[in-house]
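Working notes, structure below.
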Amino acid sequence: MTPVQHAASGAMERTWLSHHRERVMGTVVTLDVFGEPDVARKEVYLRIARARALLHRADAVFSTWKEHSPINQLRRGEITVAEAPREVATVLEACAMARSLSDGWFDPWAMPGGLDPSGFVKGWAAQHALGALSMPGVTGGIVNAAGDVVASGSPGPCRPFRVAILDPSDRRRFACVVELDGGIATSGTYERGEHLIDPPTGQPVARAASASVTGPDLGLADALATALAVAGPAGLAFIEPIEGYEGYVIGYDGSWQSTANFPFDTRPRPGP
C-alpha cells in the first residue's frame, strides 16, 4: 500500500544527492539522500548499493513467495531456527516482543499457512537500509517502503522531514501531515483488500480503515500498525504506554483518534 507520501516542503534547501527506486519485497522502495554539495558522489553510490543489497537479502531470506527461502524452509520444518540465517532468529525475537507489546494483536505464528513475519520484516529491512546510507557529509536520508517510511537527519536546515497520511476514503486527499523523527508505518485494507488477520480467529479482519504508528524503530512500528488496524481504536490503549511510539486511527466513518503525543504537523479535519 502507499498510504504515506513525502511532503515536499523544504526538501531542496540542501543538495539532493541521490534518489533511487528499487523493486523488491513485492513492492517499490525509494531511497533519498540529502547532504552537503561537496560530498563524494561515488561514496554515496556505494552506500546506496549497500542499502539495496540489504533489501534484497531481506527478500531472499523472508519472502513467503519464494519456494526455497529460509523462512519457507522453516515453515515446512526442513530447517530449524538455529540452522537458518542468523537474521531469522533476530527477527523472530523481535516479533515475539511485538506480539507481547500488542497484547497478541500482532502474531506471526497465527497466520494462515504458518509462521509469517512479513508484517515486521518490511519495516525492519527499510530501517537497516537507512542505516547503510549514513556517512560523513550526508545530513539526511529517507527510505519509503510502499508507505512505511523511516528517516534520519533532515532535508534542510531547521526543517524536519514531513510525510502525509492518505485519506482512506479518498486517496487523492491527505488525512493529515506528520513531522517525522524516526519511522511511520500505516496499515489498512483500502489498498490491498482483506489481508489483515485477526489472530484469535485466523480470519481477515480490520476494525479501522487506516492505522498509523510512529516510533524510533520502523520494524516495531510496522508490526504495531498492523496490530492497531486489526484491533481498531481500542488498540490505542496498548500503543500509549510504549515509550517513543504513538498511534493514529481513522474509522470507516471518517472519525479519528490518536494517542496523546502523535506528531501531527497538520492535524486531521474533524470527523463526522
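Every chain in the C-alpha cells has a letter given in the order shown (A, B, ...), and although residue numbers restart at 1 in each chain, ligands are simply numbered from 1 in the order shown.
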So which residues touch stretch 49-64 of chain A within 6 Å, counting only C-alpha atoms, skipping near sequence neighbours fewer than 5 positions away, as a PDB file with N, CA and C atoms, in the first residue's frame?
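Writing done, so here's result-v3.pdb:
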ATOM      1  N   MET A  25      10.843  -7.017  -2.460  1.00  0.00           N
ATOM      2  CA  MET A  25       9.855  -7.410  -1.449  1.00  0.00           C
ATOM      3  C   MET A  25       8.432  -7.219  -1.966  1.00  0.00           C
ATOM      4  N   SER A  69      13.062 -20.066   0.034  1.00  0.00           N
ATOM      5  CA  SER A  69      13.566 -19.096   1.003  1.00  0.00           C
ATOM      6  C   SER A  69      13.707 -19.758   2.367  1.00  0.00           C
ATOM      7  N   PRO A  70      14.652 -19.309   3.182  1.00  0.00           N
ATOM      8  CA  PRO A  70      14.803 -19.904   4.513  1.00  0.00           C
ATOM      9  C   PRO A  70      13.527 -19.858   5.350  1.00  0.00           C
ATOM     10  N   ILE A  71      12.735 -18.785   5.221  1.00  0.00           N
ATOM     11  CA  ILE A  71      11.515 -18.732   6.037  1.00  0.00           C
ATOM     12  C   ILE A  71      10.536 -19.819   5.608  1.00  0.00           C
ATOM     13  N   ASN A  72      10.467 -20.120   4.310  1.00  0.00           N
ATOM     14  CA  ASN A  72       9.591 -21.198   3.862  1.00  0.00           C
ATOM     15  C   ASN A  72      10.143 -22.560   4.247  1.00  0.00           C
ATOM     16  N   ALA A 125      13.579  -4.159   7.328  1.00  0.00           N
ATOM     17  CA  ALA A 125      14.515  -4.060   6.211  1.00  0.00           C
ATOM     18  C   ALA A 125      14.752  -2.604   5.825  1.00  0.00           C
ATOM     19  N   ALA A 129      18.246  -0.513   5.744  1.00  0.00           N
ATOM     20  CA  ALA A 129      18.681   0.184   4.532  1.00  0.00           C
ATOM     21  C   ALA A 129      19.031   1.638   4.840  1.00  0.00           C
ATOM     22  N   ALA A 132      22.428   2.024   6.290  1.00  0.00           N
ATOM     23  CA  ALA A 132      23.515   1.877   5.333  1.00  0.00           C
ATOM     24  C   ALA A 132      23.837   3.177   4.610  1.00  0.00           C
TER      25      ALA A 132
END
request  = Do a neighbour search on A:Glu36 at 9 Å with only C-alpha atoms, toss out local chain neighbours closer than 5 positions, and write the hits as a ChimeraX atom specification.
outcome  = /A:14-17,137-139
Export of prior selection with N, CA, C and O atoms as a PDB file, in the first residue's frame:
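Full text of part.pdb as output:
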ATOM      1  N   ARG A  14      18.998  21.673   1.017  1.00  0.00           N
ATOM      2  CA  ARG A  14      20.304  21.063   0.927  1.00  0.00           C
ATOM      3  C   ARG A  14      20.352  20.305  -0.389  1.00  0.00           C
ATOM      4  O   ARG A  14      19.340  20.064  -1.018  1.00  0.00           O
ATOM      5  N   THR A  15      21.538  19.933  -0.807  1.00  0.00           N
ATOM      6  CA  THR A  15      21.665  19.236  -2.072  1.00  0.00           C
ATOM      7  C   THR A  15      21.001  17.867  -1.982  1.00  0.00           C
ATOM      8  O   THR A  15      21.239  17.103  -1.048  1.00  0.00           O
ATOM      9  N   TRP A  16      20.198  17.581  -2.973  1.00  0.00           N
ATOM     10  CA  TRP A  16      19.558  16.268  -3.077  1.00  0.00           C
ATOM     11  C   TRP A  16      20.568  15.372  -3.772  1.00  0.00           C
ATOM     12  O   TRP A  16      20.737  15.419  -5.001  1.00  0.00           O
ATOM     13  N   LEU A  17      21.271  14.550  -3.017  1.00  0.00           N
ATOM     14  CA  LEU A  17      22.410  13.816  -3.545  1.00  0.00           C
ATOM     15  C   LEU A  17      21.999  12.628  -4.395  1.00  0.00           C
ATOM     16  O   LEU A  17      22.693  12.287  -5.358  1.00  0.00           O
ATOM     17  N   GLY A 137      29.035  13.941   5.815  1.00  0.00           N
ATOM     18  CA  GLY A 137      28.533  14.825   4.782  1.00  0.00           C
ATOM     19  C   GLY A 137      27.097  14.588   4.399  1.00  0.00           C
ATOM     20  O   GLY A 137      26.460  15.449   3.783  1.00  0.00           O
ATOM     21  N   VAL A 138      26.569  13.406   4.722  1.00  0.00           N
ATOM     22  CA  VAL A 138      25.150  13.135   4.492  1.00  0.00           C
ATOM     23  C   VAL A 138      24.379  13.672   5.690  1.00  0.00           C
ATOM     24  O   VAL A 138      24.611  13.262   6.827  1.00  0.00           O
ATOM     25  N   THR A 139      23.476  14.615   5.441  1.00  0.00           N
ATOM     26  CA  THR A 139      22.747  15.267   6.527  1.00  0.00           C
ATOM     27  C   THR A 139      21.322  14.765   6.678  1.00  0.00           C
ATOM     28  O   THR A 139      20.646  15.102   7.649  1.00  0.00           O
TER      29      THR A 139
END
query = What lies within 7 Å of stretch 19-24 of chain A using only C-alpha atoms, ignoring chain neighbours under 3 positions off, as number ranges by chain?
reply = A: 27-33, 55-56, 59
inquiry  = Which of stretch 22-242 of chain A end up as alpha helix (DSSP H) when DSSP is run on this backbone - answer as a ChimeraX atom specification?
reply    = /A:41-62,70-75,86-101,118-132,218-231,236-239
Generate a file of the selected residues that holds C-alpha atoms, formatted as a PDB file, in the first residue's frame.
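The resulting selection.pdb:
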ATOM      1  CA  ARG A  41      29.091  11.067  -5.131  1.00  0.00           C
ATOM      2  CA  LYS A  42      30.997   7.818  -5.644  1.00  0.00           C
ATOM      3  CA  GLU A  43      30.747   7.062  -1.913  1.00  0.00           C
ATOM      4  CA  VAL A  44      27.020   7.905  -1.924  1.00  0.00           C
ATOM      5  CA  TYR A  45      26.586   5.442  -4.797  1.00  0.00           C
ATOM      6  CA  LEU A  46      28.336   2.738  -2.788  1.00  0.00           C
ATOM      7  CA  ARG A  47      26.099   3.435   0.217  1.00  0.00           C
ATOM      8  CA  ILE A  48      23.015   3.124  -1.994  1.00  0.00           C
ATOM      9  CA  ALA A  49      24.373  -0.166  -3.335  1.00  0.00           C
ATOM     10  CA  ARG A  50      24.842  -1.440   0.220  1.00  0.00           C
ATOM     11  CA  ALA A  51      21.271  -0.432   1.124  1.00  0.00           C
ATOM     12  CA  ARG A  52      19.941  -2.196  -1.990  1.00  0.00           C
ATOM     13  CA  ALA A  53      21.837  -5.351  -1.065  1.00  0.00           C
ATOM     14  CA  LEU A  54      20.299  -5.342   2.420  1.00  0.00           C
ATOM     15  CA  LEU A  55      16.794  -5.033   0.965  1.00  0.00           C
ATOM     16  CA  HIS A  56      17.361  -7.912  -1.450  1.00  0.00           C
ATOM     17  CA  ARG A  57      18.874 -10.012   1.319  1.00  0.00           C
ATOM     18  CA  ALA A  58      15.756  -9.490   3.441  1.00  0.00           C
ATOM     19  CA  ASP A  59      13.581 -10.501   0.486  1.00  0.00           C
ATOM     20  CA  ALA A  60      15.642 -13.622  -0.193  1.00  0.00           C
ATOM     21  CA  VAL A  61      15.528 -14.759   3.433  1.00  0.00           C
ATOM     22  CA  PHE A  62      11.967 -13.849   4.428  1.00  0.00           C
ATOM     23  CA  PRO A  70      14.803 -19.904   4.513  1.00  0.00           C
ATOM     24  CA  ILE A  71      11.515 -18.732   6.037  1.00  0.00           C
ATOM     25  CA  ASN A  72       9.591 -21.198   3.862  1.00  0.00           C
ATOM     26  CA  GLN A  73      12.050 -23.962   4.689  1.00  0.00           C
ATOM     27  CA  LEU A  74      11.447 -23.182   8.353  1.00  0.00           C
ATOM     28  CA  ARG A  75       7.671 -23.207   7.843  1.00  0.00           C
ATOM     29  CA  ARG A  86      21.247 -15.522  11.720  1.00  0.00           C
ATOM     30  CA  GLU A  87      18.773 -12.715  10.999  1.00  0.00           C
ATOM     31  CA  VAL A  88      15.863 -15.163  11.245  1.00  0.00           C
ATOM     32  CA  ALA A  89      16.379 -15.589  14.990  1.00  0.00           C
ATOM     33  CA  THR A  90      16.773 -11.817  15.387  1.00  0.00           C
ATOM     34  CA  VAL A  91      13.516 -11.101  13.548  1.00  0.00           C
ATOM     35  CA  LEU A  92      11.557 -13.791  15.374  1.00  0.00           C
ATOM     36  CA  GLU A  93      12.732 -12.490  18.753  1.00  0.00           C
ATOM     37  CA  ALA A  94      11.590  -9.003  17.757  1.00  0.00           C
ATOM     38  CA  CYS A  95       8.253 -10.414  16.534  1.00  0.00           C
ATOM     39  CA  ALA A  96       7.734 -12.128  19.889  1.00  0.00           C
ATOM     40  CA  MET A  97       8.330  -8.785  21.614  1.00  0.00           C
ATOM     41  CA  ALA A  98       5.862  -7.070  19.263  1.00  0.00           C
ATOM     42  CA  ARG A  99       3.293  -9.776  19.995  1.00  0.00           C
ATOM     43  CA  SER A 100       3.673  -9.130  23.708  1.00  0.00           C
ATOM     44  CA  LEU A 101       3.546  -5.322  23.382  1.00  0.00           C
ATOM     45  CA  SER A 118       6.026 -10.142   6.818  1.00  0.00           C
ATOM     46  CA  GLY A 119       4.213  -7.584   8.980  1.00  0.00           C
ATOM     47  CA  PHE A 120       7.528  -6.823  10.687  1.00  0.00           C
ATOM     48  CA  VAL A 121      10.115  -7.527   8.000  1.00  0.00           C
ATOM     49  CA  LYS A 122       9.343  -4.717   5.542  1.00  0.00           C
ATOM     50  CA  GLY A 123       9.840  -2.030   8.183  1.00  0.00           C
ATOM     51  CA  TRP A 124      12.850  -3.852   9.622  1.00  0.00           C
ATOM     52  CA  ALA A 125      14.515  -4.060   6.211  1.00  0.00           C
ATOM     53  CA  ALA A 126      13.842  -0.380   5.467  1.00  0.00           C
ATOM     54  CA  GLN A 127      15.354   0.577   8.843  1.00  0.00           C
ATOM     55  CA  HIS A 128      18.547  -1.328   8.018  1.00  0.00           C
ATOM     56  CA  ALA A 129      18.681   0.184   4.532  1.00  0.00           C
ATOM     57  CA  LEU A 130      18.525   3.663   6.072  1.00  0.00           C
ATOM     58  CA  GLY A 131      21.422   2.800   8.357  1.00  0.00           C
ATOM     59  CA  ALA A 132      23.515   1.877   5.333  1.00  0.00           C
ATOM     60  CA  LEU A 218      10.264   1.070  11.805  1.00  0.00           C
ATOM     61  CA  GLY A 219      10.139  -2.703  12.222  1.00  0.00           C
ATOM     62  CA  LEU A 220       8.297  -2.401  15.523  1.00  0.00           C
ATOM     63  CA  ALA A 221       6.146   0.473  14.194  1.00  0.00           C
ATOM     64  CA  ASP A 222       5.203  -1.737  11.210  1.00  0.00           C
ATOM     65  CA  ALA A 223       4.121  -4.590  13.481  1.00  0.00           C
ATOM     66  CA  LEU A 224       2.210  -2.271  15.820  1.00  0.00           C
ATOM     67  CA  ALA A 225       0.406  -0.574  12.908  1.00  0.00           C
ATOM     68  CA  THR A 226      -0.748  -3.992  11.706  1.00  0.00           C
ATOM     69  CA  ALA A 227      -1.979  -4.798  15.212  1.00  0.00           C
ATOM     70  CA  LEU A 228      -3.710  -1.424  15.537  1.00  0.00           C
ATOM     71  CA  ALA A 229      -5.543  -1.848  12.222  1.00  0.00           C
ATOM     72  CA  VAL A 230      -6.852  -5.219  13.374  1.00  0.00           C
ATOM     73  CA  ALA A 231      -7.728  -4.103  16.914  1.00  0.00           C
ATOM     74  CA  LEU A 236      -4.516   2.761  21.141  1.00  0.00           C
ATOM     75  CA  ALA A 237      -4.507   1.518  24.725  1.00  0.00           C
ATOM     76  CA  PHE A 238      -1.568  -0.803  24.035  1.00  0.00           C
ATOM     77  CA  ILE A 239       0.289   1.838  21.986  1.00  0.00           C
TER      78      ILE A 239
END
request  = Choose the residue, out of A:Ala110, A:Ala40, A:Ala164, A:Val81, that has the smallest atom-to-atom separation from A:Gly202; count only C-alpha atoms.
outcome  = A:Ala110
ask   = Quick one: residues within 7 Å of A:Ala151, only C-alpha atoms counted, chain neighbours fewer than 2 positions away excluded, as a VMD selection string?
value = chain A and resid 141 to 143 149 153 181 to 183
query = Which neighbours of A:Leu180 fall inside 7 Å, counting only C-alpha atoms, when residues of the same chain fewer than 3 positions from it are skipped, and could you give them as a VMD selection string?
reply = chain A and resid 160 to 163 183
task = Between A:Asp253, A:Glu240, A:Asp116, A:Glu246, single out the one closest to A:Ala209, counting only C-alpha atoms.
result = A:Asp253
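Here atom CA of A:Ala234 is placed at a distance of 19.6 Å from atom CA of A:Pro263.
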query = Using only C-alpha atoms, which residues sit within 8 Å of A:Gly251 once same-chain residues fewer than 5 positions away are excluded, as an MDAnalysis selection string?
reply = chainID A and resid 207:210 232:233 256
request  = List every residue of stretch 73-237 of chain A that DSSP, applied to the backbone of this structure, assigns to strand (DSSP E or B), and report them as a PyMOL selection string.
outcome  = chain A and resi 138-145+148-153+156+159+161-167+170-180+183-187+197-198+203-204+210-215
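Nearest to A:Asp198 of all the residues A:Trp105, A:Phe262, A:Phe34, A:Trp65 is A:Trp105, counting only C-alpha atoms.
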message = List as a VMD selection string the protein and nucleic acid residues near A:Asp167, meaning an atom at most 9 Å away when only C-alpha atoms are counted, but skip any in the same chain fewer than 5 places from it.
response = chain A and resid 3 172 to 176 210 250 254
